[in-house]
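Q: Sharing model_20.pdb here; it has PDB, C-alpha atoms and all ligand atoms.
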ATOM      1  CA  MET B1037      25.300  21.488 -39.578
ATOM      2  CA  THR B1038      27.530  19.624 -42.042
ATOM      3  CA  VAL B1039      27.361  15.893 -42.465
ATOM      4  CA  GLU B1040      30.882  15.693 -41.063
ATOM      5  CA  ASN B1041      29.854  17.458 -37.858
ATOM      6  CA  PHE B1042      26.807  15.283 -37.591
ATOM      7  CA  VAL B1043      28.885  12.100 -37.762
ATOM      8  CA  SER B1044      31.438  13.250 -35.220
ATOM      9  CA  PHE B1045      28.666  14.401 -32.854
ATOM     10  CA  GLY B1046      27.070  10.957 -33.061
ATOM     11  CA  GLU B1047      30.346   9.259 -32.310
ATOM     12  CA  GLN B1048      31.199  11.401 -29.302
ATOM     13  CA  GLY B1049      28.443   9.770 -27.268
ATOM     14  CA  ALA B1050      29.988   6.324 -27.719
ATOM     15  CA  GLN B1051      27.352   3.584 -27.426
ATOM     16  CA  LEU B1052      23.878   5.051 -27.237
ATOM     17  CA  THR B1053      21.703   4.642 -30.327
ATOM     18  CA  TYR B1054      18.089   5.506 -31.112
ATOM     19  CA  GLY B1055      17.087   1.874 -30.821
ATOM     20  CA  SER B1056      19.013   1.090 -27.658
ATOM     21  CA  TYR B1057      17.842   4.261 -25.887
ATOM     22  CA  LEU B1058      14.196   3.529 -26.667
ATOM     23  CA  ARG B1059      14.547  -0.215 -26.050
ATOM     24  CA  LEU B1060      13.066  -0.845 -29.468
ATOM     25  CA  PRO B1061      14.057  -4.519 -29.672
ATOM     26  CA  GLN B1062      11.902  -5.266 -26.599
ATOM     27  CA  LEU B1063       9.145  -2.812 -27.527
ATOM     28  CA  LEU B1064       8.756  -4.003 -31.113
ATOM     29  CA  ASP B1065       8.916  -7.647 -30.122
ATOM     30  CA  SER B1066       5.991  -7.320 -27.718
ATOM     31  CA  GLN B1067       3.063  -7.759 -30.124
ATOM     32  CA  HIS B1068       2.061 -11.413 -30.059
ATOM     33  CA  LEU B1069      -1.179 -12.451 -31.729
ATOM     34  CA  GLU B1070      -3.465 -15.045 -30.132
ATOM     35  CA  SER B1071      -5.247 -15.817 -33.390
ATOM     36  CA  ASP B1072      -4.035 -18.677 -35.587
ATOM     37  CA  PRO B1073      -4.166 -18.234 -38.510
ATOM     38  CA  PRO B1074      -3.384 -14.593 -37.737
ATOM     39  CA  ALA B1075      -6.372 -12.232 -37.917
ATOM     40  CA  HIS B1076      -5.317  -9.100 -39.800
ATOM     41  CA  ASP B1077      -6.769  -6.636 -37.273
ATOM     42  CA  GLU B1078      -5.347  -8.207 -34.116
ATOM     43  CA  LEU B1079      -2.085  -6.257 -34.477
ATOM     44  CA  LEU B1080      -4.071  -3.002 -34.402
ATOM     45  CA  PHE B1081      -5.968  -4.193 -31.333
ATOM     46  CA  ILE B1082      -2.770  -5.010 -29.447
ATOM     47  CA  THR B1083      -0.997  -1.833 -30.549
ATOM     48  CA  ILE B1084      -3.859   0.408 -29.433
ATOM     49  CA  HIS B1085      -3.956  -1.179 -26.000
ATOM     50  CA  GLN B1086      -0.202  -0.946 -25.560
ATOM     51  CA  VAL B1087      -0.284   2.729 -26.512
ATOM     52  CA  TYR B1088      -3.062   3.276 -23.953
ATOM     53  CA  GLU B1089      -0.999   1.605 -21.247
ATOM     54  CA  LEU B1090       2.053   3.741 -22.084
ATOM     55  CA  TRP B1091      -0.064   6.870 -21.776
ATOM     56  CA  PHE B1092      -1.605   5.556 -18.541
ATOM     57  CA  LYS B1093       1.927   5.212 -17.180
ATOM     58  CA  GLN B1094       2.683   8.797 -18.182
ATOM     59  CA  LEU B1095      -0.588  10.023 -16.648
ATOM     60  CA  LEU B1096       0.193   8.297 -13.343
ATOM     61  CA  HIS B1097       3.583  10.008 -13.365
ATOM     62  CA  GLU B1098       2.046  13.441 -13.992
ATOM     63  CA  VAL B1099      -0.951  13.073 -11.690
ATOM     64  CA  SER B1100       1.165  11.895  -8.764
ATOM     65  CA  ALA B1101       3.570  14.817  -9.230
ATOM     66  CA  ALA B1102       0.645  17.271  -9.453
ATOM     67  CA  ARG B1103      -0.825  15.781  -6.288
ATOM     68  CA  ASP B1104       2.491  16.065  -4.437
ATOM     69  CA  ALA B1105       2.880  19.680  -5.534
ATOM     70  CA  MET B1106      -0.636  20.467  -4.249
ATOM     71  CA  LEU B1107      -0.029  18.663  -0.953
ATOM     72  CA  GLY B1108       2.637  21.289  -0.232
ATOM     73  CA  GLY B1109      -0.132  23.914  -0.220
ATOM     74  CA  GLN B1110       0.370  27.616  -0.806
ATOM     75  CA  GLY B1111       3.536  27.631   1.304
ATOM     76  CA  GLY B1112       5.142  24.890  -0.792
ATOM     77  CA  GLY B1113       5.387  27.325  -3.698
ATOM     78  CA  ARG B1114       4.689  24.674  -6.314
ATOM     79  CA  LEU B1115       1.025  25.223  -7.108
ATOM     80  CA  TRP B1116       2.033  26.648 -10.506
ATOM     81  CA  TRP B1117       3.732  23.314 -11.210
ATOM     82  CA  ALA B1118       0.567  21.371 -10.351
ATOM     83  CA  GLN B1119      -1.357  23.588 -12.801
ATOM     84  CA  HIS B1120       1.261  23.060 -15.490
ATOM     85  CA  LEU B1121       1.154  19.263 -15.092
ATOM     86  CA  MET B1122      -2.640  19.094 -15.029
ATOM     87  CA  ALA B1123      -2.731  21.010 -18.325
ATOM     88  CA  ARG B1124      -0.509  18.272 -19.786
ATOM     89  CA  VAL B1125      -2.771  15.596 -18.303
ATOM     90  CA  HIS B1126      -5.737  17.114 -20.148
ATOM     91  CA  VAL B1127      -3.944  17.078 -23.493
ATOM     92  CA  ILE B1128      -2.988  13.428 -23.066
ATOM     93  CA  GLU B1129      -6.548  12.560 -22.042
ATOM     94  CA  ARG B1130      -7.905  14.169 -25.204
ATOM     95  CA  VAL B1131      -5.537  11.975 -27.197
ATOM     96  CA  LEU B1132      -6.879   8.925 -25.347
ATOM     97  CA  VAL B1133     -10.443   9.820 -26.273
ATOM     98  CA  GLN B1134      -9.562  10.509 -29.922
ATOM     99  CA  GLN B1135      -7.612   7.307 -30.252
ATOM    100  CA  VAL B1136     -10.896   5.386 -30.142
ATOM    101  CA  ASP B1137     -11.362   6.537 -33.773
ATOM    102  CA  VAL B1138      -8.414   4.404 -34.834
ATOM    103  CA  LEU B1139      -9.824   1.222 -33.295
ATOM    104  CA  GLU B1140     -13.214   1.962 -34.815
ATOM    105  CA  THR B1141     -11.719   1.425 -38.259
ATOM    106  CA  MET B1142     -12.018  -2.261 -37.279
ATOM    107  CA  THR B1143     -15.372  -3.811 -38.224
ATOM    108  CA  PRO B1144     -17.296  -6.092 -35.838
ATOM    109  CA  GLN B1145     -16.802  -9.010 -38.248
ATOM    110  CA  ASP B1146     -13.030  -8.506 -38.231
ATOM    111  CA  PHE B1147     -13.013  -8.214 -34.410
ATOM    112  CA  LEU B1148     -15.001 -11.459 -34.144
ATOM    113  CA  GLU B1149     -12.218 -13.265 -35.997
ATOM    114  CA  PHE B1150     -10.132 -13.158 -32.824
ATOM    115  CA  ARG B1151     -12.491 -12.016 -30.028
ATOM    116  CA  GLN B1152     -13.223 -15.500 -28.649
ATOM    117  CA  ARG B1153      -9.483 -16.020 -28.105
ATOM    118  CA  LEU B1154      -9.353 -13.073 -25.692
ATOM    119  CA  ALA B1155     -11.628 -14.376 -22.904
ATOM    120  CA  PRO B1156     -11.370 -14.117 -19.944
ATOM    121  CA  ALA B1157      -9.058 -11.137 -20.479
ATOM    122  CA  SER B1158     -10.564  -7.657 -20.771
ATOM    123  CA  GLY B1159      -9.863  -4.008 -20.077
ATOM    124  CA  PHE B1160     -11.391  -4.632 -16.689
ATOM    125  CA  GLN B1161      -8.004  -6.046 -15.732
ATOM    126  CA  SER B1162      -6.093  -2.863 -16.588
ATOM    127  CA  VAL B1163      -4.287  -2.171 -13.343
ATOM    128  CA  GLN B1164      -3.033   1.242 -14.417
ATOM    129  CA  PHE B1165      -6.542   2.346 -15.437
ATOM    130  CA  ARG B1166      -7.792   1.465 -11.953
ATOM    131  CA  GLU B1167      -4.747   3.122 -10.342
ATOM    132  CA  LEU B1168      -5.664   6.320 -12.178
ATOM    133  CA  GLU B1169      -9.232   6.128 -10.913
ATOM    134  CA  PHE B1170      -8.022   5.545  -7.358
ATOM    135  CA  MET B1171      -5.495   8.357  -7.527
ATOM    136  CA  SER B1172      -8.037  10.736  -8.999
ATOM    137  CA  GLY B1173     -10.304  10.182  -6.006
ATOM    138  CA  ALA B1174     -12.644   7.295  -6.906
ATOM    139  CA  LYS B1175     -11.329   4.694  -4.484
ATOM    140  CA  ASP B1176     -13.564   1.650  -4.735
ATOM    141  CA  PRO B1177     -11.834  -1.266  -2.989
ATOM    142  CA  ARG B1178     -14.455  -3.687  -4.383
ATOM    143  CA  TYR B1179     -12.442  -3.654  -7.594
ATOM    144  CA  LEU B1180      -9.642  -5.414  -5.735
ATOM    145  CA  ASP B1181     -11.895  -8.396  -5.013
ATOM    146  CA  ARG B1182     -13.196  -8.461  -8.565
ATOM    147  CA  PHE B1183      -9.728  -8.509 -10.118
ATOM    148  CA  LYS B1184      -8.996 -12.003 -11.325
ATOM    149  CA  GLY B1185      -5.601 -13.127 -12.445
ATOM    150  CA  ILE B1186      -3.532 -10.113 -11.475
ATOM    151  CA  THR B1187      -0.022 -10.639 -10.177
ATOM    152  CA  GLU B1188       1.108 -10.045  -6.610
ATOM    153  CA  ALA B1189       3.089  -7.009  -7.772
ATOM    154  CA  GLU B1190       0.008  -5.537  -9.478
ATOM    155  CA  ARG B1191      -2.070  -6.073  -6.335
ATOM    156  CA  GLN B1192       0.585  -4.268  -4.308
ATOM    157  CA  HIS B1193       0.451  -1.318  -6.709
ATOM    158  CA  LEU B1194      -3.315  -1.094  -6.216
ATOM    159  CA  ASP B1195      -3.099  -1.458  -2.432
ATOM    160  CA  ALA B1196      -0.535   1.334  -2.356
ATOM    161  CA  ARG B1197      -2.807   3.605  -4.425
ATOM    162  CA  LEU B1198      -5.688   2.915  -2.057
ATOM    163  CA  ALA B1199      -3.517   3.947   0.888
ATOM    164  CA  GLU B1200      -2.039   7.146  -0.570
ATOM    165  CA  PRO B1201      -3.610  10.611  -0.847
ATOM    166  CA  THR B1202      -5.705  11.373  -3.935
ATOM    167  CA  LEU B1203      -5.805  14.481  -6.096
ATOM    168  CA  TRP B1204      -8.901  15.467  -4.145
ATOM    169  CA  ASP B1205      -7.109  15.101  -0.782
ATOM    170  CA  ALA B1206      -4.386  17.324  -2.169
ATOM    171  CA  PHE B1207      -6.886  19.930  -3.351
ATOM    172  CA  VAL B1208      -8.485  19.998   0.116
ATOM    173  CA  ALA B1209      -4.990  20.615   1.534
ATOM    174  CA  VAL B1210      -4.645  23.578  -0.853
ATOM    175  CA  LEU B1211      -7.915  25.076   0.441
ATOM    176  CA  ALA B1212      -6.725  24.697   4.035
ATOM    177  CA  SER B1213      -3.375  26.291   3.177
ATOM    178  CA  PHE B1214      -5.285  29.393   2.021
ATOM    179  CA  GLY B1215      -6.958  29.566   5.427
ATOM    180  CA  LEU B1216     -10.255  28.243   4.047
ATOM    181  CA  ALA B1217     -12.310  25.771   6.090
ATOM    182  CA  ALA B1218     -12.012  22.294   4.627
ATOM    183  CA  GLY B1219     -12.820  19.895   7.453
ATOM    184  CA  SER B1220     -16.080  18.528   5.989
ATOM    185  CA  ASP B1221     -17.887  18.439   2.628
ATOM    186  CA  GLU B1222     -20.087  21.329   3.782
ATOM    187  CA  GLU B1223     -17.036  23.405   4.672
ATOM    188  CA  VAL B1224     -15.333  22.590   1.384
ATOM    189  CA  SER B1225     -18.470  23.608  -0.539
ATOM    190  CA  ALA B1226     -18.758  26.866   1.380
ATOM    191  CA  SER B1227     -15.060  27.587   0.840
ATOM    192  CA  MET B1228     -15.422  26.898  -2.878
ATOM    193  CA  ARG B1229     -18.237  29.438  -3.084
ATOM    194  CA  THR B1230     -15.893  31.946  -1.446
ATOM    195  CA  VAL B1231     -13.166  31.072  -3.965
ATOM    196  CA  ALA B1232     -15.566  31.332  -6.904
ATOM    197  CA  HIS B1233     -16.696  34.800  -5.856
ATOM    198  CA  ASP B1234     -13.210  36.140  -5.090
ATOM    199  CA  ARG B1235     -11.089  34.962  -7.991
ATOM    200  CA  ASP B1236      -8.730  37.852  -7.530
ATOM    201  CA  GLN B1237      -7.594  36.597  -4.142
ATOM    202  CA  TYR B1238      -7.951  32.887  -4.902
ATOM    203  CA  ALA B1239      -6.887  32.745  -8.544
ATOM    204  CA  VAL B1240      -4.673  29.675  -8.144
ATOM    205  CA  VAL B1241      -7.240  27.777  -6.098
ATOM    206  CA  TRP B1242      -9.915  28.431  -8.711
ATOM    207  CA  ALA B1243      -7.557  27.419 -11.524
ATOM    208  CA  LEU B1244      -6.748  24.143  -9.765
ATOM    209  CA  ALA B1245     -10.439  23.426  -9.154
ATOM    210  CA  GLU B1246     -11.099  23.976 -12.857
ATOM    211  CA  ALA B1247      -8.163  21.713 -13.735
ATOM    212  CA  LEU B1248      -9.621  18.922 -11.589
ATOM    213  CA  LEU B1249     -13.049  19.409 -13.103
ATOM    214  CA  GLN B1250     -11.532  19.226 -16.587
ATOM    215  CA  HIS B1251      -9.772  15.979 -15.676
ATOM    216  CA  ASP B1252     -13.092  14.601 -14.384
ATOM    217  CA  GLU B1253     -14.928  15.679 -17.534
ATOM    218  CA  LEU B1254     -12.312  14.085 -19.797
ATOM    219  CA  ALA B1255     -12.490  10.806 -17.853
ATOM    220  CA  ALA B1256     -16.269  10.878 -18.352
ATOM    221  CA  SER B1257     -15.737  11.514 -22.088
ATOM    222  CA  TRP B1258     -13.505   8.470 -22.305
ATOM    223  CA  ARG B1259     -16.117   6.259 -20.618
ATOM    224  CA  ALA B1260     -18.818   7.571 -22.956
ATOM    225  CA  ARG B1261     -16.667   7.085 -26.055
ATOM    226  CA  HIS B1262     -15.610   3.591 -24.952
ATOM    227  CA  VAL B1263     -19.155   2.355 -24.350
ATOM    228  CA  VAL B1264     -20.377   3.571 -27.739
ATOM    229  CA  MET B1265     -17.427   1.824 -29.386
ATOM    230  CA  VAL B1266     -18.336  -1.321 -27.431
ATOM    231  CA  GLU B1267     -21.942  -1.171 -28.656
ATOM    232  CA  ARG B1268     -20.689  -0.730 -32.201
ATOM    233  CA  MET B1269     -18.388  -3.761 -31.870
ATOM    234  CA  ILE B1270     -20.387  -6.255 -29.800
ATOM    235  CA  GLY B1271     -23.897  -4.810 -29.384
ATOM    236  CA  SER B1272     -25.507  -6.246 -26.263
ATOM    237  CA  LYS B1273     -23.261  -9.317 -25.978
ATOM    238  CA  SER B1274     -21.688  -9.938 -22.587
ATOM    239  CA  GLY B1275     -18.025  -9.045 -22.130
ATOM    240  CA  THR B1276     -14.995 -11.312 -22.337
ATOM    241  CA  GLY B1277     -14.260 -10.182 -18.775
ATOM    242  CA  GLY B1278     -17.527 -11.725 -17.568
ATOM    243  CA  SER B1279     -19.596  -8.567 -17.150
ATOM    244  CA  SER B1280     -22.922  -7.818 -18.846
ATOM    245  CA  GLY B1281     -20.934  -5.753 -21.365
ATOM    246  CA  SER B1282     -22.333  -2.401 -22.448
ATOM    247  CA  SER B1283     -24.952  -2.293 -19.664
ATOM    248  CA  TYR B1284     -22.181  -2.639 -17.051
ATOM    249  CA  LEU B1285     -20.228   0.099 -18.827
ATOM    250  CA  ARG B1286     -23.335   2.330 -19.012
ATOM    251  CA  SER B1287     -23.731   1.921 -15.242
ATOM    252  CA  ARG B1288     -20.273   3.511 -14.894
ATOM    253  CA  LEU B1289     -21.123   6.619 -16.917
ATOM    254  CA  PRO B1290     -22.383   8.718 -13.978
ATOM    255  CA  VAL B1291     -19.101   8.229 -12.037
ATOM    256  CA  ARG B1292     -17.689  11.617 -11.019
ATOM    257  CA  TYR B1293     -14.437  12.137  -9.146
ATOM    258  CA  TYR B1294     -15.326  15.521  -7.701
ATOM    259  CA  PRO B1295     -19.091  15.743  -7.034
ATOM    260  CA  LEU B1296     -18.656  18.839  -4.847
ATOM    261  CA  LEU B1297     -17.129  20.755  -7.757
ATOM    262  CA  TRP B1298     -20.087  19.781  -9.934
ATOM    263  CA  ASP B1299     -22.623  20.650  -7.197
ATOM    264  CA  LEU B1300     -21.010  24.073  -6.909
ATOM    265  CA  ARG B1301     -22.410  24.892 -10.376
ATOM    266  CA  SER B1302     -25.926  24.758  -8.988
ATOM    267  CA  GLU B1303     -25.047  27.011  -6.085
ATOM    268  CA  LEU B1304     -23.371  29.917  -7.856
TER     269      LEU B1304
HETATM  270  C1  LIG K1401     -13.102  -3.570 -29.625
HETATM  271  C2  LIG K1401     -12.859  -2.707 -28.691
HETATM  272  C3  LIG K1401     -13.318  -2.883 -27.271
HETATM  273  C4  LIG K1401     -14.381  -3.577 -26.797
HETATM  274  C5  LIG K1401     -15.431  -4.375 -27.578
HETATM  275  C6  LIG K1401     -14.345  -3.449 -25.365
HETATM  276  C7  LIG K1401     -15.269  -4.017 -24.525
HETATM  277  C8  LIG K1401     -15.267  -3.912 -23.150
HETATM  278  C9  LIG K1401     -16.218  -4.553 -22.268
HETATM  279  C10 LIG K1401     -17.391  -5.430 -22.705
HETATM  280  C11 LIG K1401     -15.869  -4.230 -21.007
HETATM  281  C12 LIG K1401     -16.528  -4.693 -19.703
HETATM  282  C13 LIG K1401     -15.696  -5.798 -19.078
HETATM  283  C14 LIG K1401     -15.968  -7.158 -19.707
HETATM  284  O1  LIG K1401     -15.297  -7.520 -20.689
HETATM  285  O2  LIG K1401     -16.854  -7.859 -19.215
HETATM  286  C15 LIG K1401     -14.706  -3.372 -21.080
HETATM  287  C16 LIG K1401     -14.075  -2.803 -20.012
HETATM  288  C17 LIG K1401     -12.977  -1.989 -20.112
HETATM  289  N1  LIG K1401     -12.271  -1.679 -21.250
HETATM  290 FE1  LIG K1401     -12.787  -2.150 -23.117
HETATM  291  N2  LIG K1401     -13.298  -2.658 -25.002
HETATM  292  C18 LIG K1401     -12.638  -2.295 -26.141
HETATM  293  C19 LIG K1401     -11.507  -1.510 -26.219
HETATM  294  C20 LIG K1401     -10.840  -0.970 -25.154
HETATM  295  C21 LIG K1401      -9.670  -0.162 -25.230
HETATM  296  C22 LIG K1401      -8.942   0.255 -26.498
HETATM  297  C23 LIG K1401      -9.324   0.146 -23.977
HETATM  298  C24 LIG K1401      -8.140   0.967 -23.578
HETATM  299  C25 LIG K1401      -7.352   0.657 -22.599
HETATM  300  C26 LIG K1401     -10.280  -0.453 -23.087
HETATM  301  C27 LIG K1401     -10.284  -0.362 -21.724
HETATM  302  C28 LIG K1401     -11.243  -0.889 -20.903
HETATM  303  C29 LIG K1401     -11.269  -0.641 -19.473
HETATM  304  C30 LIG K1401     -10.304   0.201 -18.682
HETATM  305  C31 LIG K1401     -12.371  -1.328 -18.982
HETATM  306  C32 LIG K1401     -12.866  -1.343 -17.532
HETATM  307  C33 LIG K1401     -13.871  -0.200 -17.397
HETATM  308  C34 LIG K1401     -14.512  -0.084 -16.023
HETATM  309  O3  LIG K1401     -14.524  -1.044 -15.238
HETATM  310  O4  LIG K1401     -15.043   1.015 -15.751
HETATM  311  N3  LIG K1401     -11.193  -1.120 -23.844
HETATM  312  N4  LIG K1401     -14.372  -3.190 -22.396
HETATM  313  N1  LIG K1402     -13.913  -7.003 -23.329
HETATM  314  C1  LIG K1402     -13.936  -7.032 -24.795
HETATM  315  C2  LIG K1402     -12.605  -7.528 -25.305
HETATM  316  C3  LIG K1402     -11.627  -6.443 -25.176
HETATM  317  O1  LIG K1402     -11.899  -5.366 -25.636
HETATM  318  C4  LIG K1402     -10.344  -6.665 -24.523
HETATM  319  C5  LIG K1402      -9.846  -7.955 -24.405
HETATM  320  C6  LIG K1402      -8.593  -8.174 -23.878
HETATM  321  C7  LIG K1402      -7.832  -7.100 -23.435
HETATM  322  C8  LIG K1402      -8.348  -5.811 -23.530
HETATM  323  C9  LIG K1402      -9.595  -5.589 -24.072
HETATM  324  N2  LIG K1402     -10.037  -4.302 -24.150
HETATM  325  C10 LIG K1402     -11.040  -3.729 -23.480
HETATM  326  O2  LIG K1402     -11.856  -4.293 -22.781
HETATM  327  C11 LIG K1402     -15.094  -7.856 -25.309
HETATM  328  O3  LIG K1402     -15.893  -8.314 -24.528
HETATM  329  O4  LIG K1402     -15.192  -7.981 -26.526
END
Reformat the file's structure so that it appears as structure tokens.
A:
Amino acid sequence: MTVENFVSFGEQGAQLTYGSYLRLPQLLDSQHLESDPPAHDELLFITIHQVYELWFKQLLHEVSAARDAMLGGQGGGRLWWAQHLMARVHVIERVLVQQVDVLETMTPQDFLEFRQRLAPASGFQSVQFRELEFMSGAKDPRYLDRFKGITEAERQHLDARLAEPTLWDAFVAVLASFGLAAGSDEEVSASMRTVAHDRDQYAVVWALAEALLQHDELAASWRARHVVMVERMIGSKSGTGGSSGSSYLRSRLPVRYYPLLWDLRSEL
């Protein structure tokens, strides 16, 4: 492409520019430090969290579409699409785990320069993180009571997630659409054993079960990586959000979205 072509192509589209399309003025004016004088590492801290929230938004978009595709069951003809989206979800989740490395270039001393300014805020108040947990299948309404300082709109988002079907509900619908019993946990477990032993007939069902398990495993990896980072940064201090800190986070490590899929491993 010649430079001349390039210029005329750019001008055909009239007004859109890179910066206006991506809303860069708003995006790049959204990093406001609390520390004064400014602590060098606070920009990194804000940036990392904003990147996490952008990816959480993308994950909610993908997970809800995967769920909807699964809710249609075999007859809906979109189970391949659910598989495709879940594969993307896994790649994003690996990025989220690896991104902890970047924040760990911050030393505890440098974090302490601005940490006291952050209370009572904490990751505990991440609405999108909790939405993802709810949508994945871990609906714990107690988190709604424990949320302090969230807006009415954020509360509505969470209420809506509590009311809507989860990825697990959608997977159970897939089992039923294949004529497999799925009315109780026992039936689901028995049906999963059938699926596991007849992968020829139930290839898509097995692939979706593995995709859910992978999502569960990656969420567990994030929790494990986060708590070790927390211990590195603040040791056994309590959290800015008012929890006991790393011991609260350690109590969350055994959380599993799909216990029946894990139990299946012992039954094969
Ligand atoms: C210096 C780095 C970090 C430290 C020291 C830290 C510390 C903590 C602590 C102590 C808690 C428990 C709540 C409380 O404050 O009492 C917490 C919760 C949480 N943090 Fe962090 N965090 C860090 C970075 C991050 C990052 C980068 C994210 C990404 C979004 C994040 C997301 C969360 C979430 C979602 C929770 C709630 C977890 C749950 O309830 O299961 N944190 N963090
Ligand atoms: N809870 C952390 C502070 C922290 O990491 C944080 C503070 C405000 C907004 C997000 C945060 N990230 C994760 O908890 C602490 O106790 O040091």
Q: Enumerate, as a PDB file with C-alpha atoms, keeping the file's coordinate frame, the protein, DNA and RNA residues whose atoms approach (-11.1, -7.9, -15.5) to within 12 Å, taking into account all atoms listed in the file and the coordinate frame of the file.
A:
ATOM      1  CA  LEU B1154      -9.353 -13.073 -25.692  1.00  0.00           C
ATOM      2  CA  ALA B1155     -11.628 -14.376 -22.904  1.00  0.00           C
ATOM      3  CA  PRO B1156     -11.370 -14.117 -19.944  1.00  0.00           C
ATOM      4  CA  ALA B1157      -9.058 -11.137 -20.479  1.00  0.00           C
ATOM      5  CA  SER B1158     -10.564  -7.657 -20.771  1.00  0.00           C
ATOM      6  CA  GLY B1159      -9.863  -4.008 -20.077  1.00  0.00           C
ATOM      7  CA  PHE B1160     -11.391  -4.632 -16.689  1.00  0.00           C
ATOM      8  CA  GLN B1161      -8.004  -6.046 -15.732  1.00  0.00           C
ATOM      9  CA  SER B1162      -6.093  -2.863 -16.588  1.00  0.00           C
ATOM     10  CA  VAL B1163      -4.287  -2.171 -13.343  1.00  0.00           C
ATOM     11  CA  PHE B1165      -6.542   2.346 -15.437  1.00  0.00           C
ATOM     12  CA  ARG B1166      -7.792   1.465 -11.953  1.00  0.00           C
ATOM     13  CA  TYR B1179     -12.442  -3.654  -7.594  1.00  0.00           C
ATOM     14  CA  LEU B1180      -9.642  -5.414  -5.735  1.00  0.00           C
ATOM     15  CA  ASP B1181     -11.895  -8.396  -5.013  1.00  0.00           C
ATOM     16  CA  ARG B1182     -13.196  -8.461  -8.565  1.00  0.00           C
ATOM     17  CA  PHE B1183      -9.728  -8.509 -10.118  1.00  0.00           C
ATOM     18  CA  LYS B1184      -8.996 -12.003 -11.325  1.00  0.00           C
ATOM     19  CA  GLY B1185      -5.601 -13.127 -12.445  1.00  0.00           C
ATOM     20  CA  ILE B1186      -3.532 -10.113 -11.475  1.00  0.00           C
ATOM     21  CA  GLY B1275     -18.025  -9.045 -22.130  1.00  0.00           C
ATOM     22  CA  THR B1276     -14.995 -11.312 -22.337  1.00  0.00           C
ATOM     23  CA  GLY B1277     -14.260 -10.182 -18.775  1.00  0.00           C
ATOM     24  CA  GLY B1278     -17.527 -11.725 -17.568  1.00  0.00           C
ATOM     25  CA  SER B1279     -19.596  -8.567 -17.150  1.00  0.00           C
ATOM     26  CA  GLY B1281     -20.934  -5.753 -21.365  1.00  0.00           C
TER      27      GLY B1281
END
Q: Show me, as AutoDock Vina command-line options, the centre and edge lengths in Å to one decimal of the axis-aligned box that covers every listed atom of ligand LIG 1402 (chain K) with 6 Å on each side.
A:
--center_x -11.9 --center_y -6.0 --center_z -24.7 --size_x 20.1 --size_y 16.6 --size_z 15.7
Q: Tell me, in Å to one decimal, how far atom CA of Ala1118 of chain B is from atom CA of Gln1134 of chain B.
A: 24.6 Å
Q: I'd like the residues picked by the PyMOL selection byres (((chain B and resi 1079) around 12) and not hetatm) written out as an MDAnalysis selection string, using the chain letters and numbers from the file.
A: chainID B and resid 1064:1071 1074:1078 1080:1086 1139 1142 1146:1147 1150
Q: Nearest to ligand LIG 1401 (chain K): which of B:Leu1211, B:Ala1102, B:Leu1132, B:Leu1121 is it, counting all atoms listed in the file?
A: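 Comparing B:Leu1211, B:Ala1102, B:Leu1132, B:Leu1121 against ligand LIG 1401 (chain K), the winner is B:Leu1132.
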Q: Closest to ligand LIG 1401 (chain K) among B:Arg1114, B:Arg1229, B:Arg1059, B:Arg1292, using all atoms listed in the file?
A: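 Closest candidate: B:Arg1292.
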Q: Can you spell out as an mmCIF file with C-alpha atoms, in the coordinates of the input the set of residues that the PyMOL selection byres (((chain B and resi 1248) around 10) and not hetatm) selects in the structure I just provided?
A:
data_model
loop_
_atom_site.group_PDB
_atom_site.id
_atom_site.type_symbol
_atom_site.label_atom_id
_atom_site.label_comp_id
_atom_site.auth_asym_id
_atom_site.auth_seq_id
_atom_site.Cartn_x
_atom_site.Cartn_y
_atom_site.Cartn_z
ATOM 1 C CA GLN B 1119 -1.357 23.588 -12.801
ATOM 2 C CA MET B 1122 -2.640 19.094 -15.029
ATOM 3 C CA ALA B 1123 -2.731 21.010 -18.325
ATOM 4 C CA HIS B 1126 -5.737 17.114 -20.148
ATOM 5 C CA SER B 1172 -8.037 10.736 -8.999
ATOM 6 C CA LEU B 1203 -5.805 14.481 -6.096
ATOM 7 C CA TRP B 1204 -8.901 15.467 -4.145
ATOM 8 C CA PHE B 1207 -6.886 19.930 -3.351
ATOM 9 C CA TRP B 1242 -9.915 28.431 -8.711
ATOM 10 C CA ALA B 1243 -7.557 27.419 -11.524
ATOM 11 C CA LEU B 1244 -6.748 24.143 -9.765
ATOM 12 C CA ALA B 1245 -10.439 23.426 -9.154
ATOM 13 C CA GLU B 1246 -11.099 23.976 -12.857
ATOM 14 C CA ALA B 1247 -8.163 21.713 -13.735
ATOM 15 C CA LEU B 1249 -13.049 19.409 -13.103
ATOM 16 C CA GLN B 1250 -11.532 19.226 -16.587
ATOM 17 C CA HIS B 1251 -9.772 15.979 -15.676
ATOM 18 C CA ASP B 1252 -13.092 14.601 -14.384
ATOM 19 C CA GLU B 1253 -14.928 15.679 -17.534
ATOM 20 C CA LEU B 1254 -12.312 14.085 -19.797
ATOM 21 C CA TYR B 1293 -14.437 12.137 -9.146
ATOM 22 C CA TYR B 1294 -15.326 15.521 -7.701
ATOM 23 C CA LEU B 1297 -17.129 20.755 -7.757
#
Q: For atom CA of Met1265 of chain B and atom CA of Val1131 of chain B, quote the distance in Å rounded to one decimal.
A: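 Atom-to-atom, atom CA of Met1265 of chain B and atom CA of Val1131 of chain B are spaced 15.8 Å apart.
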Q: Find the distance between atom C9 of ligand LIG 1402 (chain K) and atom CA of His1193 of chain B and write it in Å to one decimal.
A: 20.5 Å
Q: Of the candidates B:Ala1199, B:Ala1260, B:Leu1296, B:Val1266, which one gets nearest to Glu1167 of chain B if we count only C-alpha atoms?
A: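 The shortest atom-to-atom distance to Glu1167 of chain B comes from B:Ala1199.
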